[in-house]
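Asks: My questions all concern the structure below.
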Amino acid sequence: MLKLMSPALRGRTSTGHGNREDWNNIRQMMPFVWDYKGRVLLALGCLVVSKLAMVGIPVVLKFIVDALDTSNGQIAAVPVIFLLAYGFLRFINSGFNELRDAIFARVRYHAMNSLSVTTLNHLHNLSLRFHLERNTGAISRDMERGAQSISSILNYLVFSIFPTCAEFLLVAAILFSQYDNQFGSIIFLTVILYIGFTLAVTEWRMHFRHEMNALDSSANGRAMDSLLNYETVKYFNNDTLEIDRYRQTMEQWEDVAVKSQTTMSILNFGQGAIIAIGVTGIMFLAAEGVAQKTLSLGDLVLINTMMLQLFLPLGFLGIIYRSLKYALVDMDMVIKLLRKPIEIIDIPDASDLVLNKATVEFKNVGFYYNEDRQILNDISFKVADGKKLAIVGPSGAGKSTIARLLFRFYDLTRGEILVNGQNIARITQDSLRRAIGIVPQDTVLFNDSILYNIRYAKPDASEQEVFHAARLANIHDFIESLPQGYATMVGERGLKLSGGEKQRVAIARVLLKDPAILVFDEATSSLDSHSEKLILSALEKISRDKTTLVIAHRLSTIVDADTIVVMDEGRVKEQGNHQELMSRGGIYADLWAIQQKKAEKQKIVEQDSDQARKQ
């Protein structure tokens, strides 16, 4: 079954995950914990006090038994003192355990919070290249498991592993100092065998957990992808295909999970056998000592109680160790996310963009996503302050890449882009993007209200400012006609709105931002003629006296541009205004003729439809 895994999934499972990597991950996690180092140290102090009380309980119990084991059977005053001490130690043990938990709660949940926020912040700082290749569902699951894993790791370390180690050292000290070395030797041998067996078997079976995580993330990614593309699935009647793809991955996960559980049973049996042999050996020695009068009944009770206190948590230590390893595996994907290098970064002395004039200039720009596929070659053009420049050309000419480069979603392969004479590679990304507004071809909205989506451009804007922007975008009246008005939820990715409505929300958002430079990335290419007229009217209003870059498919929308740049195969083929380009009879003139013919045919079709409806 595992042969069915995709190459990407095999890549997620094949990476080794050794102890060195575990320690590296723990070290990378420590800054999230050390923010509250005072609480960490105080919690560890409570742990020590609790364990001292826990180990003191069998000692007090020994004195109680020995005091009661008298020939005349009379109870002296001494056992009363020890009985009080016994109860007090129980109280101290329980009280300081709870105090430790309460003190450490802030540390644990703060670490979860910090890791989640840091991971999301890092993802936002990664380049568009990463986000175009990501699997949203898988990353979502990795983040969820990573945040939970840091809580689990801290829980296991502070509440289980450290306490067990501390208790083991205290018990060993008492046994070696007060009793024959055989007792301590048997306990040490048992513990060493137990730990060695646990480590060896757990390391052997850890790859099953890696595969389970990879398959779980893959299945979640496929499920999310099919739900996000719900309409496409229905259009092509591929519900069965999507369910089958999900089922295949989950069947692989099921097989690996069964192997994981089977090997866990083997591990549990071996651990139980080692502990049983060790405890039996200790009890034989203790019973023989009592029979030969070298040990008292109190000593037998002390040794037995200490064994129970030691081996009971040691039995759980195997489970805890496995869970700790699982948590480290869960954290591994988040740590790898955090280690992904940030591709687009500000240079150390980057300054904010100064906008006396909002000019935009591309100078000999070259760019490729992959070395074997050049996208742009020697692109040069300039948009003067307050002027409008349009970029046109066939699909695949590199038009939309121009907008991405202007926003600095990628760094150039060669050449430079200047805004008001300043190289955008030398200014801060924040100041650059504040100065630019875009109306994209495919407007994606947040699953929130219309008010929230428009106000997103300026979170502190008043409602009146939002309403004004909506009026300019020719959408205020439509919003007011809705039952819930501006509180209307738009659905995931804005799917409850039509294409034209989403575009007008995007225009209102840009109006609210009021940037110096505007980019329209084929903002009307997928709209009907009525919606296009509304959009063009709104675009004309917002682009007055602003530096505007229009990436257009329909040439009829950019005839008024001051300059039109014609691109083909990643190069600038022609430049000029509409009249100049038409007079040359080149690529632009050919495109214009083709689109005019299509427009005439469409007009005839619409007229025929109108006449048919009237009849």
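How things are named: the first chain in the structure tokens is A, the next is B, and so on; residues count from 1 in each chain; ligands count from 1 in the order shown.
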Which residues come within 12 Å of stretch 477-481 of chain A, counting only C-alpha atoms, excluding same-chain residues fewer than 3 positions away, as JSON, numbers by chain?
Replies: {"A": [449, 450, 451, 454, 466, 467, 468, 469, 470, 471, 472, 473, 474, 484, 485, 486, 487, 488, 489, 490, 497, 498, 500, 501, 502, 504, 505, 508]}
Asks: May I have the residues within 7 Å of stretch 578-583 of chain A as an MDAnalysis selection string, using only C-alpha atoms and disregarding those fewer than 5 positions away in the same chain?
Replies: chainID A and resid 559 564 588:589
Asks: What's around A:Leu99 at 10 Å? Count only C-alpha atoms, leave out sequence neighbours fewer than 2 positions away in its own chain, and write the answer as a list of chain:residue names.
Replies: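 Contacts, with the query itself left out: A:Leu42, A:Ala43, A:Cys46, A:Leu47, A:Ser50, A:Ser94, A:Gly95, A:Phe96, A:Asn97, A:Asp101, A:Ala102, A:Ile103, A:Phe104, A:Ala105.
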Asks: Neighbours of A:Lys458 within 12 Å (only C-alpha atoms; same-chain residues fewer than 5 positions away dropped), as an MDAnalysis selection string?
Replies: chainID A and resid 434 437 451:453 463 465:466 469 508:515
Asks: Could you save the residues just selected, with N, CA and C atoms, as a short mmCIF file (atom, residue, chain, number, x, y, z; two decimals), in the first residue's frame?
Replies:
```cif
data_model
loop_
_atom_site.label_atom_id
_atom_site.label_comp_id
_atom_site.auth_asym_id
_atom_site.auth_seq_id
_atom_site.Cartn_x
_atom_site.Cartn_y
_atom_site.Cartn_z
N ARG A 434 2.66 49.85 1.42
CA ARG A 434 1.70 50.87 1.85
C ARG A 434 1.39 51.84 0.72
N GLY A 437 -1.70 50.06 -4.18
CA GLY A 437 -2.98 49.35 -4.02
C GLY A 437 -3.26 48.54 -5.27
N LEU A 451 -18.30 44.61 5.72
CA LEU A 451 -17.65 45.73 6.42
C LEU A 451 -16.20 45.39 6.74
N TYR A 452 -15.98 44.20 7.29
CA TYR A 452 -14.62 43.79 7.65
C TYR A 452 -13.72 43.75 6.42
N ASN A 453 -14.25 43.22 5.31
CA ASN A 453 -13.43 43.06 4.12
C ASN A 453 -13.05 44.39 3.49
N GLU A 463 -16.93 53.94 10.07
CA GLU A 463 -17.95 53.38 9.16
C GLU A 463 -18.27 54.36 8.05
N GLU A 465 -16.24 56.40 6.56
CA GLU A 465 -15.19 56.29 5.55
C GLU A 465 -15.42 55.05 4.68
N VAL A 466 -15.83 53.95 5.32
CA VAL A 466 -16.12 52.72 4.57
C VAL A 466 -17.29 52.95 3.62
N ALA A 469 -16.22 54.99 0.59
CA ALA A 469 -15.46 54.19 -0.37
C ALA A 469 -16.39 53.28 -1.17
N ALA A 508 -13.54 49.14 -3.50
CA ALA A 508 -13.82 49.93 -2.29
C ALA A 508 -12.68 49.81 -1.29
N ARG A 509 -12.12 48.65 -1.19
CA ARG A 509 -11.00 48.42 -0.27
C ARG A 509 -9.79 49.26 -0.68
N VAL A 510 -9.50 49.28 -1.98
CA VAL A 510 -8.37 50.08 -2.46
C VAL A 510 -8.65 51.57 -2.28
N LEU A 511 -9.89 51.99 -2.53
CA LEU A 511 -10.26 53.39 -2.31
C LEU A 511 -10.02 53.80 -0.87
N LEU A 512 -10.36 52.92 0.06
CA LEU A 512 -10.16 53.22 1.47
C LEU A 512 -8.68 53.32 1.81
N LYS A 513 -7.87 52.50 1.16
CA LYS A 513 -6.43 52.55 1.39
C LYS A 513 -5.83 53.85 0.86
N ASP A 514 -6.37 54.34 -0.26
CA ASP A 514 -5.92 55.59 -0.88
C ASP A 514 -4.41 55.60 -1.13
N PRO A 515 -3.89 54.64 -1.93
CA PRO A 515 -2.45 54.59 -2.19
C PRO A 515 -2.04 55.58 -3.28
#
```
Asks: Any idea what's packed within 7 Å of stretch 171-187 of chain A, counting only C-alpha atoms, ignoring anything in its chain fewer than 4 positions away? Could you give it as a list in words?
Replies: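 My reading of the contact set: Val55, Glu167, Val191, Gly278, Ile282 and Met306 of chain A.
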Asks: With C-alpha atoms retained, write the just-selected residues as a PDB file, in the first residue's frame.
Replies:
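Generated file (part08.pdb):
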```pdb
ATOM      1  CA  VAL A  55      10.697   9.396  49.475  1.00  0.00           C
ATOM      2  CA  GLU A 167      12.912   9.955  42.854  1.00  0.00           C
ATOM      3  CA  VAL A 191      16.403   0.085  35.493  1.00  0.00           C
ATOM      4  CA  GLY A 278      13.483  -7.157  39.146  1.00  0.00           C
ATOM      5  CA  ILE A 282      14.260  -7.690  45.440  1.00  0.00           C
ATOM      6  CA  MET A 306      10.133   2.223  47.666  1.00  0.00           C
TER       7      MET A 306
END
```
Asks: Can you work out the spacing between atom CA of A:Val566 and atom CA of A:Gln441 in Å, to one decimal?
Replies: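 About the pair atom CA of A:Val566 and atom CA of A:Gln441: they are 18.9 Å apart.
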Asks: Between atom CA of A:Gly396 and atom CA of A:Ile375, what is the distance, to one decimal in Å?
Replies: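 If I compute the distance from atom CA of A:Gly396 to atom CA of A:Ile375, I get 8.6 Å.
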Asks: Ranking A:Phe188, A:Phe284, A:Tyr321, A:Phe520 by minimum distance to A:Ser400 and counting only C-alpha atoms, which one comes first?
Replies: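 Distance minimum relative to A:Ser400 lands on A:Phe520.
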Asks: Just checking: using only C-alpha atoms, which residue out of A:Val107, A:Leu337, A:Ala390, A:Leu405 ends up closest to A:Asp560?
Replies: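 Of the candidates, the smallest distance to A:Asp560 is held by A:Ala390.
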Asks: Which residue out of A:Leu300, A:Thr413, A:His476, A:Asn113 has the minimum interatomic distance to A:Asn370 when only C-alpha atoms are used?
Replies: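 For A:Asn370, the nearest of the candidates is A:Thr413.
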Asks: In Å, with one decimal, what is the gap from atom CA of A:Gly491 to atom CA of A:Asp448?
Replies: 6.8 Å
Asks: Go through A:Ser149, A:Asp568, A:Gly87, A:Arg584 and flag the residue nearest A:Val334, using only C-alpha atoms for the distances.
Replies: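 Comparing A:Ser149, A:Asp568, A:Gly87, A:Arg584 against A:Val334, the winner is A:Ser149.
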Asks: A:Gly576, A:Pro459, A:Gly38, A:Pro58: which is nearest A:Leu308, counting only C-alpha atoms?
Replies: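 Nearest candidate to A:Leu308 out of A:Gly576, A:Pro459, A:Gly38, A:Pro58: A:Pro58.
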Asks: Once DSSP has gone over the backbone, tell me which residues of stretch 364-439 of chain A are in strand (DSSP E or B), as an MDAnalysis selection string.
Replies: chainID A and resid 364:370 373:383 388:392 414:419 422:423 427 436:439
Asks: Convert the current residue selection to file output with N, CA and C atoms, as a compact mmCIF listing (two decimals), in the first residue's frame.
Replies:
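Ended up saving to again.txt:
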```txt
# COMPACT_ATOMS: atom_id res chain seq x y z
N ASN A 364 15.59 47.32 -17.42
CA ASN A 364 16.28 46.09 -17.86
C ASN A 364 15.99 44.91 -16.92
N VAL A 365 14.73 44.74 -16.58
CA VAL A 365 14.34 43.71 -15.61
C VAL A 365 14.32 42.34 -16.27
N GLY A 366 14.97 41.40 -15.60
CA GLY A 366 14.92 39.99 -16.00
C GLY A 366 14.49 39.16 -14.81
N PHE A 367 13.70 38.11 -15.06
CA PHE A 367 13.20 37.31 -13.95
C PHE A 367 12.81 35.92 -14.42
N TYR A 368 13.09 34.91 -13.56
CA TYR A 368 12.58 33.56 -13.80
C TYR A 368 12.22 32.93 -12.47
N TYR A 369 11.20 32.06 -12.51
CA TYR A 369 10.84 31.27 -11.33
C TYR A 369 11.81 30.11 -11.18
N ASN A 370 12.11 29.47 -12.31
CA ASN A 370 13.08 28.39 -12.36
C ASN A 370 14.08 28.72 -13.47
N ARG A 373 13.30 28.22 -17.11
CA ARG A 373 12.16 28.87 -17.74
C ARG A 373 12.20 30.37 -17.45
N GLN A 374 12.73 31.13 -18.40
CA GLN A 374 12.80 32.58 -18.26
C GLN A 374 11.41 33.19 -18.46
N ILE A 375 10.99 34.05 -17.54
CA ILE A 375 9.67 34.67 -17.62
C ILE A 375 9.75 36.07 -18.24
N LEU A 376 10.67 36.90 -17.76
CA LEU A 376 10.83 38.26 -18.27
C LEU A 376 12.25 38.47 -18.78
N ASN A 377 12.38 39.16 -19.89
CA ASN A 377 13.69 39.43 -20.49
C ASN A 377 13.82 40.92 -20.80
N ASP A 378 14.72 41.59 -20.11
CA ASP A 378 15.09 42.97 -20.45
C ASP A 378 13.87 43.88 -20.58
N ILE A 379 13.03 43.89 -19.53
CA ILE A 379 11.82 44.70 -19.53
C ILE A 379 12.14 46.12 -19.06
N SER A 380 11.79 47.10 -19.86
CA SER A 380 12.02 48.50 -19.49
C SER A 380 10.81 49.34 -19.87
N PHE A 381 10.30 50.11 -18.93
CA PHE A 381 9.25 51.10 -19.19
C PHE A 381 9.17 52.02 -17.97
N LYS A 382 8.49 53.14 -18.14
CA LYS A 382 8.37 54.10 -17.04
C LYS A 382 6.96 54.68 -17.02
N VAL A 383 6.39 54.76 -15.80
CA VAL A 383 5.08 55.39 -15.59
C VAL A 383 5.33 56.71 -14.87
N LYS A 388 -1.11 57.04 -16.58
CA LYS A 388 -1.65 55.69 -16.67
C LYS A 388 -0.91 54.91 -17.73
N LEU A 389 -0.36 53.74 -17.33
CA LEU A 389 0.34 52.88 -18.27
C LEU A 389 -0.35 51.52 -18.27
N ALA A 390 -0.61 51.00 -19.45
CA ALA A 390 -1.27 49.71 -19.58
C ALA A 390 -0.29 48.68 -20.16
N ILE A 391 -0.41 47.46 -19.67
CA ILE A 391 0.40 46.36 -20.18
C ILE A 391 -0.55 45.33 -20.78
N VAL A 392 -0.33 45.01 -22.06
CA VAL A 392 -1.21 44.07 -22.74
C VAL A 392 -0.36 43.01 -23.43
N ARG A 414 17.76 40.08 -12.55
CA ARG A 414 18.66 41.18 -12.92
C ARG A 414 17.82 42.43 -13.16
N GLY A 415 18.51 43.55 -13.29
CA GLY A 415 17.83 44.83 -13.47
C GLY A 415 17.36 45.41 -12.15
N GLU A 416 16.53 46.45 -12.23
CA GLU A 416 16.02 47.08 -11.01
C GLU A 416 14.66 47.72 -11.29
N ILE A 417 13.88 47.85 -10.21
CA ILE A 417 12.59 48.55 -10.25
C ILE A 417 12.70 49.76 -9.35
N LEU A 418 12.35 50.93 -9.89
CA LEU A 418 12.48 52.17 -9.14
C LEU A 418 11.11 52.78 -8.90
N VAL A 419 10.87 53.20 -7.67
CA VAL A 419 9.68 53.97 -7.33
C VAL A 419 10.15 55.32 -6.82
N GLN A 422 13.81 55.39 -6.34
CA GLN A 422 14.40 54.56 -5.28
C GLN A 422 14.24 53.09 -5.63
N ASN A 423 15.35 52.38 -5.58
CA ASN A 423 15.35 50.95 -5.87
C ASN A 423 14.54 50.21 -4.79
N ILE A 427 14.55 49.58 -0.12
CA ILE A 427 13.60 50.21 0.79
C ILE A 427 12.80 49.13 1.52
N ILE A 436 1.20 51.15 -2.49
CA ILE A 436 0.61 50.53 -3.68
C ILE A 436 -0.70 49.86 -3.31
N GLY A 437 -1.70 50.06 -4.18
CA GLY A 437 -2.98 49.35 -4.02
C GLY A 437 -3.26 48.54 -5.27
N ILE A 438 -3.92 47.39 -5.09
CA ILE A 438 -4.17 46.52 -6.24
C ILE A 438 -5.62 46.04 -6.25
N VAL A 439 -6.18 45.97 -7.45
CA VAL A 439 -7.45 45.29 -7.69
C VAL A 439 -7.10 44.08 -8.54
```
